[in-house]
Amino acid sequence: MHVKRLGEISGLVLRLNTSYGRWSGSHKLDLGEMSGIPLKNNPSFILCFLSGTVYLDHAGATLFPQSQLTSFTKDLMENVYGNPHSQNSSSKLTHDTVEQVRYRILAHFHTSPEDYTVIFTAGSTAALKLVAEAFPWVPPGPESSGSHFCYLTDSHTSVVGMREVVAAMNITSIPVRPEDMWLAEEQDATAASDPDGQPLHLFCYPAQSNFSGTRYPLSWIEEVKSGRMCPVGGPGKWFVLLDAAAYVGTSPLDLSVHRADFLPLSFYKIFGFPTGLGALLVNSRSAPLLRKTYFGGGTAAAYLAEEDFYIPKESVAERFEDGTISFLDVIALKHGFDVLERLTGGMENIRQHTFTLAQYTYTALSTLRYPNGAPVVQIYSDSEFSSPEVQGPVISFNVLDDNGNIIGYSQVDKMASLHNIHVRTGCFCNTGACQRHLGISDEMVKKHLQAGHVCGDDVDLIDGQPTGSVRISFGYMSTLEDAQAFLRFIIATRLRPSHGQPLPLVMPGEAGALPAESEAQKAVPATRARRSPSLQEDASPDSRVWDNSPTTVDAVSLRPPLLETTRTQQTPSEKAAGIPDGGLGSHIVTNLFLYPIKSCAAFEVTRWPLGNQGLLYDRSWMVVNHNGVCLSQKQEPRLCLIQPFIDLQRRIMVIKAQGMEPIAVPLEENSKPAQICQSKVCADRVNTYDCGEKISSWLSKFFGRPYHLIRQSSDFQRNARKKRGKGMRMERKNYFQ
Ligand SMILES: *Cc1c(COP(=O)(O)O)cnc(C)c1O
């Protein structure tokens with residue numbers, strides 16, 4: 001929780017513009033030196049879809065290089081992999097390949113099958129749940145106080161959730177704060193527990209906090225196992241679960257030295273691909289103790305269908321891998337290891353590279369000052385980024401205004417999206433760390449819930465207090481350019497170079513001047529095109545706008561009294577002349593903007609007919625990707641360059657974009673309705689139809705990706721949920737809003 005104060009902004013901006021080498025004066029930072037770490041222009045590495053994107057959520061999921069996929073698909077094309085439980089030769093090939101991958105995983109963590117078993121799971125969460133269910137818990141009884149399940153409060157939700165499983169077995173859960181562990185470390189406690197005694201306790205802690213990137217000492221493993229350090233007093237033998245899910249993506253881990261009993265992993269955090277595959281590594285001292293309850297395909301040595309007779313398989317992995325494992329994904333891991341090693345030279349290089357980027361960014365960020373000397377960000381960390389031993393490549397922070405007030409993370413997220421910078425916001429499934437760093441009490445968490453805030457939403461401030469933060473995290477393919485693009489974004493959106501003038505917002509794909517009026521546009525009286533206000537579409541109703549953001553315009557305020565004026569055939573000037581100012585009441589329509597295609601540019605009119613969903617044709621269309629997913633400016637900022645014009649006389653919508661021939665789409669619904677399911681409204685299905693191949697190829701040409709235009713069917717009637725609240729009631733609902 002340090003707010004570092006260094007230097008001046010001007011100095012920083014200068015230094016950011018100088019070469020990497022010169023900036024690095026105080027800390028060594030030379031990418032060229034690091035053999036094999038890929039730069040973005042390495043063709044074997046480039047992800048074509050990544051161009052222009054600054055991806056800074058590697059702790060959420062890292063990215064995969066193209067070569068990893070090509071070598072994996074080549075493998076699948078050249079070999080037949082059957083179900084590993086069959087006996088034929090393709091199945092044998094699968095079985096043997098999977099075994100090779102198990103060795104490879106163990107070798108990656110500097111251990112062998114003698115000391116550890118690999119149990120494939122769906123991910124870290126599934127691995128944690130498995131431990132909760134299978135650990136040899138001892139309930140309290142006349143002779144024993146029972147097992148303890150103990151976890152560091154800076155743990156992922158998936159660790160904390162284990163307490164619900166153990167509670168059902170009458171086991172006590174004890175949260176331990178990092179401060180208490182640091183204290184216990186210093187106290188050099190004389191053994192309070194008996195390393196060979198009963199009952200058995202479990203201590204879980206993250207090797208790296210997924211909130212702040214803090215790396216907790218790996219030495220705790222042996223300290224706790226040996227009883228030298230005791231998370232809780234009392235007799236018993238301690239086992240340690242090291243949640244390595246976040247840590248191993250950017251750091252080597254030597255299990256021959258740090259012999260954790262249980263190690264849950266998610267492979268997408270190391271390789272980016274495959275997803276839905278993880279593992280639980282179990283130490284050979286703990287493996288025989290695990291209790292198996294359920295049995296499924298592949299885990300039984302023998303069982304009877306009619307009698308309670310079941311003998312599990314001998315090997316621990318086979319006993320716990322219920323059903324058929326995700327064997328093709330396991331094979332993909334081999335290619336993940338190969339490519340990772342080839343591109344980077346190994347985890348130690350990754351550790352140095354990612355840490356250096358984080359340290360550089362941290363130093364620069366914590367230096368940023370407003371002209372009045374106030375810091376621009378508040379960083380939440382337990383370290384000063386002094387070494388990769390204590391800090392992972394993660395920076396958690398909130399942006400401040402020049403009075404020291406926090407700017408909500410949702411606003412930062414939206415601005416970052418406009419700059420094509422991808423960050424993570426919220427509490428990152430780690431309420432404990434979030435509370436500790438942001439100073440949120442238990443009562444406040446409950447109050448926030450009552451106020452309608454739930455984990456993962458965009459309610460970023462309640463009573464001016466943050467409910468979460470912004471997190472950036474680096475991966476092995478992150479570059480200095482990524483770090484600098486991020487810093488430039490913070491500087492451009494928060495700081496003005498001298499007096500007054502804000503720095504220009506560098507918008508990806510910024511368009512030039514609007515094209516001249518077209519024929520179609522002239523055909524509709526008094527219309528003009530207007531760029532879609534960038535923040536508007538995603539901004540929540542009560543959103544606080546950044547002081548230098550583009551002005552937002554409320555499209556319309558539909559109130560019955562004012563609709564009357566729309567119906568009368570008056571021009572705006574007649575309207576203004578006819579009604580004295582005082583007689584207008586508090587809600588006045590001054591401009592009308594339609595957004596015929598969701599997320600695209602607005603279409604301004606002075607008068608417009610109403611349809612059964614509000615303004616006629618407002619948000620009737622949307623652009624979807626090849627999977628039918630509706631696109632917003634968040635994913636496709638260039639949507640704002642698409643300008644629709646509705647020509648009511650000719651019954652067409654003309655769509656224009658720079659460098660493209662205008663194209664017309666009929667207003668009539670002509671093709672067969674296709675059903676889509678938009679995530680926002682998944683409970684109900686929305687009837688839509690595709691506007692055809694012609695407009696699809698036009699959009700695909702403009703965006704360079706296969707997109708479609710779809711239209712909400714106007715006869716669609718919503719049957720669920722009645723709209724609540726005052727104001728105008730609409731029977732039909734426009735789902736594209
Ligand atoms: C990501 C993560 C998890 C959960 O992993 P899943 O892949 O979501 O199951 C658990 N702990 C930490 C520290 C993590 O970073």
# chains A, B, ... in the order shown; residues from 1 in each chain; ligands from 1
$ residues_around --residues "Trp621 (chain A)" --least-positions-apart "2" --cutoff "12 Å" --atoms "only C-alpha atoms" --output "PyMOL selection string"
chain A and resi 594-600+616-619+623-624+630-631+644+646+653+655+665-667+669+687-691+708-714+734-737
$ residues_around --residues "Tyr294 (chain A)" --least-positions-apart "2" --cutoff "9 Å" --atoms "only C-alpha atoms" --output "VMD selection string"
chain A and resid 292 296 322
$ write_last_selection --atoms "C-alpha atoms" --output "compact mmCIF listing (two decimals), in the first residue's frame"
# COMPACT_ATOMS: atom_id res chain seq x y z
CA LYS A 292 -11.80 -41.20 -2.86
CA GLY A 296 -16.28 -42.93 -12.55
CA ASP A 322 -12.92 -39.63 -13.31
$ residues_near_ligand --ligand "ligand 1" --cutoff "8 Å" --atoms "only C-alpha atoms and all ligand atoms" --output "ChimeraX atom specification"
/A:59-60,122-127,155-159,206-210,243-247,264-269,276,278
$ atom_distance --atom1 "CA of Asn405 (chain A)" --atom2 "CA of Gln465 (chain A)"
8.9 Å
$ closest_residue --among "A:Ser469, A:Ser410, A:Ser86, A:Thr293" --to "Cys427 (chain A)" --atoms "only C-alpha atoms"
A:Ser469
$ closest_atom_pairs --of "region 85-201 of chain A" --to "region 435-448 of chain A" --cutoff "10 Å" --atoms "only C-alpha atoms" --output "tab-separated table"
residue	atom	partner	partner_atom	distance
A:Thr153	CA	A:Arg436	CA	9.0
A:Asp154	CA	A:Arg436	CA	8.5
A:Arg177	CA	A:Arg436	CA	9.3
A:Pro178	CA	A:Arg436	CA	9.8
$ residues_around --residues "region 134-147 of chain A" --least-positions-apart "4" --cutoff "6 Å" --atoms "only C-alpha atoms" --output "VMD selection string"
chain A and resid 130 170 to 171 199 to 201 290 to 291
$ atom_distance --atom1 "CA of Gly236 (chain A)" --atom2 "CA of Lys129 (chain A)"
22.7 Å
$ atom_distance --atom1 "CA of Val165 (chain A)" --atom2 "CA of Tyr216 (chain A)"
25.6 Å
$ select_by_dssp --residues "region 221-397 of chain A" --states "alpha helix (DSSP H)" --output "JSON, numbers by chain"
{"A": [221, 222, 223, 224, 225, 226, 268, 269, 270, 271, 316, 317, 318, 319, 320, 327, 328, 329, 330, 331, 332, 333, 334, 335, 336, 337, 338, 339, 340, 341, 342, 343, 344, 347, 348, 349, 350, 351, 352, 353, 354, 355, 356, 357, 358, 359, 360, 361, 362, 363, 364, 365, 366, 367]}
$ select_by_dssp --residues "region 309-382 of chain A" --states "strand (DSSP E)" --output "PyMOL selection string"
chain A and resi 310-312+377-379
$ residues_around --residues "Thr425 (chain A)" --least-positions-apart "5" --cutoff "8 Å" --atoms "only C-alpha atoms" --output "PDB file with N, CA, C and O atoms, in the first residue's frame"
ATOM      1  N   TYR A 409     -12.970   2.541 -11.464  1.00  0.00           N
ATOM      2  CA  TYR A 409     -12.242   1.658 -12.392  1.00  0.00           C
ATOM      3  C   TYR A 409     -12.997   1.438 -13.704  1.00  0.00           C
ATOM      4  O   TYR A 409     -12.375   1.197 -14.724  1.00  0.00           O
ATOM      5  N   SER A 410     -14.329   1.524 -13.665  1.00  0.00           N
ATOM      6  CA  SER A 410     -15.073   1.313 -14.914  1.00  0.00           C
ATOM      7  C   SER A 410     -14.761   2.407 -15.922  1.00  0.00           C
ATOM      8  O   SER A 410     -14.683   2.157 -17.122  1.00  0.00           O
ATOM      9  N   ASP A 413     -11.408   1.673 -17.317  1.00  0.00           N
ATOM     10  CA  ASP A 413     -11.535   0.533 -18.221  1.00  0.00           C
ATOM     11  C   ASP A 413     -12.074   0.978 -19.579  1.00  0.00           C
ATOM     12  O   ASP A 413     -11.566   0.589 -20.632  1.00  0.00           O
ATOM     13  N   GLY A 468     -13.151  -1.638  -6.065  1.00  0.00           N
ATOM     14  CA  GLY A 468     -12.131  -2.486  -6.675  1.00  0.00           C
ATOM     15  C   GLY A 468     -11.062  -1.614  -7.285  1.00  0.00           C
ATOM     16  O   GLY A 468     -10.985  -0.415  -7.001  1.00  0.00           O
ATOM     17  N   SER A 469     -10.242  -2.207  -8.124  1.00  0.00           N
ATOM     18  CA  SER A 469      -9.145  -1.449  -8.710  1.00  0.00           C
ATOM     19  C   SER A 469      -8.920  -1.868 -10.154  1.00  0.00           C
ATOM     20  O   SER A 469      -9.672  -2.664 -10.701  1.00  0.00           O
ATOM     21  N   VAL A 470      -7.882  -1.308 -10.740  1.00  0.00           N
ATOM     22  CA  VAL A 470      -7.485  -1.644 -12.102  1.00  0.00           C
ATOM     23  C   VAL A 470      -6.231  -2.505 -11.983  1.00  0.00           C
ATOM     24  O   VAL A 470      -5.358  -2.198 -11.183  1.00  0.00           O
ATOM     25  N   ARG A 471      -6.172  -3.574 -12.749  1.00  0.00           N
ATOM     26  CA  ARG A 471      -4.982  -4.425 -12.683  1.00  0.00           C
ATOM     27  C   ARG A 471      -4.386  -4.572 -14.077  1.00  0.00           C
ATOM     28  O   ARG A 471      -5.097  -4.883 -15.031  1.00  0.00           O
TER      29      ARG A 471
END
$ residues_around --residues "Gly475 (chain A)" --least-positions-apart "3" --cutoff "8 Å" --atoms "only C-alpha atoms" --output "VMD selection string"
chain A and resid 56 58 to 59 62 to 63 249 to 250 350 354 393 478
$ closest_residue --among "A:Gly272, A:Gly346, A:Pro312, A:Pro231" --to "Pro175 (chain A)" --atoms "only C-alpha atoms"
A:Pro231
$ residues_around --residues "Gly392 (chain A)" --least-positions-apart "2" --cutoff "6 Å" --atoms "only C-alpha atoms" --output "list in words"
Gly213, Pro388 and Val394 of chain A
$ write_last_selection --atoms "all heavy atoms" --output "PDB file, in the first residue's frame"
ATOM      1  N   GLY A 213      -0.090  -9.117  -7.045  1.00  0.00           N
ATOM      2  CA  GLY A 213       1.147  -9.677  -7.577  1.00  0.00           C
ATOM      3  C   GLY A 213       2.179  -9.981  -6.498  1.00  0.00           C
ATOM      4  O   GLY A 213       3.281 -10.454  -6.805  1.00  0.00           O
ATOM      5  N   PRO A 388      11.998  -9.968  -8.354  1.00  0.00           N
ATOM      6  CA  PRO A 388      10.940 -10.930  -8.702  1.00  0.00           C
ATOM      7  C   PRO A 388      10.681 -11.964  -7.597  1.00  0.00           C
ATOM      8  O   PRO A 388       9.734 -12.724  -7.693  1.00  0.00           O
ATOM      9  CB  PRO A 388      11.458 -11.591  -9.982  1.00  0.00           C
ATOM     10  CG  PRO A 388      12.910 -11.323 -10.030  1.00  0.00           C
ATOM     11  CD  PRO A 388      13.165 -10.073  -9.250  1.00  0.00           C
ATOM     12  N   VAL A 394       2.598  -7.752 -11.928  1.00  0.00           N
ATOM     13  CA  VAL A 394       1.209  -7.322 -11.786  1.00  0.00           C
ATOM     14  C   VAL A 394       1.214  -5.966 -11.086  1.00  0.00           C
ATOM     15  O   VAL A 394       1.946  -5.795 -10.105  1.00  0.00           O
ATOM     16  CB  VAL A 394       0.438  -8.333 -10.905  1.00  0.00           C
ATOM     17  CG1 VAL A 394      -0.977  -7.851 -10.617  1.00  0.00           C
ATOM     18  CG2 VAL A 394       0.409  -9.715 -11.547  1.00  0.00           C
TER      19      VAL A 394
END
$ residues_around --residues "Cys204 (chain A)" --least-positions-apart "6" --cutoff "6 Å" --atoms "only C-alpha atoms" --output "list in words"
Tyr151, Val240, Leu241 and Leu242 of chain A
$ write_last_selection --atoms "all heavy atoms" --output "PDB file, in the first residue's frame"
ATOM      1  N   TYR A 151      -6.403 -20.811   5.591  1.00  0.00           N
ATOM      2  CA  TYR A 151      -6.036 -20.185   4.314  1.00  0.00           C
ATOM      3  C   TYR A 151      -5.649 -18.731   4.521  1.00  0.00           C
ATOM      4  O   TYR A 151      -6.172 -18.050   5.406  1.00  0.00           O
ATOM      5  CB  TYR A 151      -7.200 -20.288   3.313  1.00  0.00           C
ATOM      6  CG  TYR A 151      -8.484 -19.674   3.800  1.00  0.00           C
ATOM      7  CD1 TYR A 151      -8.801 -18.336   3.529  1.00  0.00           C
ATOM      8  CD2 TYR A 151      -9.382 -20.421   4.557  1.00  0.00           C
ATOM      9  CE1 TYR A 151      -9.974 -17.767   3.992  1.00  0.00           C
ATOM     10  CE2 TYR A 151     -10.560 -19.867   5.028  1.00  0.00           C
ATOM     11  CZ  TYR A 151     -10.847 -18.538   4.750  1.00  0.00           C
ATOM     12  OH  TYR A 151     -12.005 -17.973   5.223  1.00  0.00           O
ATOM     13  N   VAL A 240       0.656 -28.549   3.250  1.00  0.00           N
ATOM     14  CA  VAL A 240       0.611 -27.231   2.605  1.00  0.00           C
ATOM     15  C   VAL A 240       0.147 -27.346   1.158  1.00  0.00           C
ATOM     16  O   VAL A 240       0.673 -28.147   0.376  1.00  0.00           O
ATOM     17  CB  VAL A 240       1.994 -26.541   2.654  1.00  0.00           C
ATOM     18  CG1 VAL A 240       1.949 -25.198   1.915  1.00  0.00           C
ATOM     19  CG2 VAL A 240       2.428 -26.335   4.097  1.00  0.00           C
ATOM     20  N   LEU A 241      -0.850 -26.543   0.828  1.00  0.00           N
ATOM     21  CA  LEU A 241      -1.296 -26.402  -0.560  1.00  0.00           C
ATOM     22  C   LEU A 241      -0.783 -25.048  -1.049  1.00  0.00           C
ATOM     23  O   LEU A 241      -1.099 -24.017  -0.456  1.00  0.00           O
ATOM     24  CB  LEU A 241      -2.821 -26.467  -0.636  1.00  0.00           C
ATOM     25  CG  LEU A 241      -3.442 -26.325  -2.037  1.00  0.00           C
ATOM     26  CD1 LEU A 241      -4.747 -27.115  -2.117  1.00  0.00           C
ATOM     27  CD2 LEU A 241      -3.684 -24.895  -2.464  1.00  0.00           C
ATOM     28  N   LEU A 242       0.025 -25.078  -2.092  1.00  0.00           N
ATOM     29  CA  LEU A 242       0.538 -23.839  -2.669  1.00  0.00           C
ATOM     30  C   LEU A 242      -0.282 -23.537  -3.916  1.00  0.00           C
ATOM     31  O   LEU A 242      -0.210 -24.285  -4.902  1.00  0.00           O
ATOM     32  CB  LEU A 242       2.019 -23.988  -3.027  1.00  0.00           C
ATOM     33  CG  LEU A 242       2.666 -22.715  -3.588  1.00  0.00           C
ATOM     34  CD1 LEU A 242       2.891 -21.688  -2.485  1.00  0.00           C
ATOM     35  CD2 LEU A 242       3.993 -23.041  -4.287  1.00  0.00           C
TER      36      LEU A 242
END
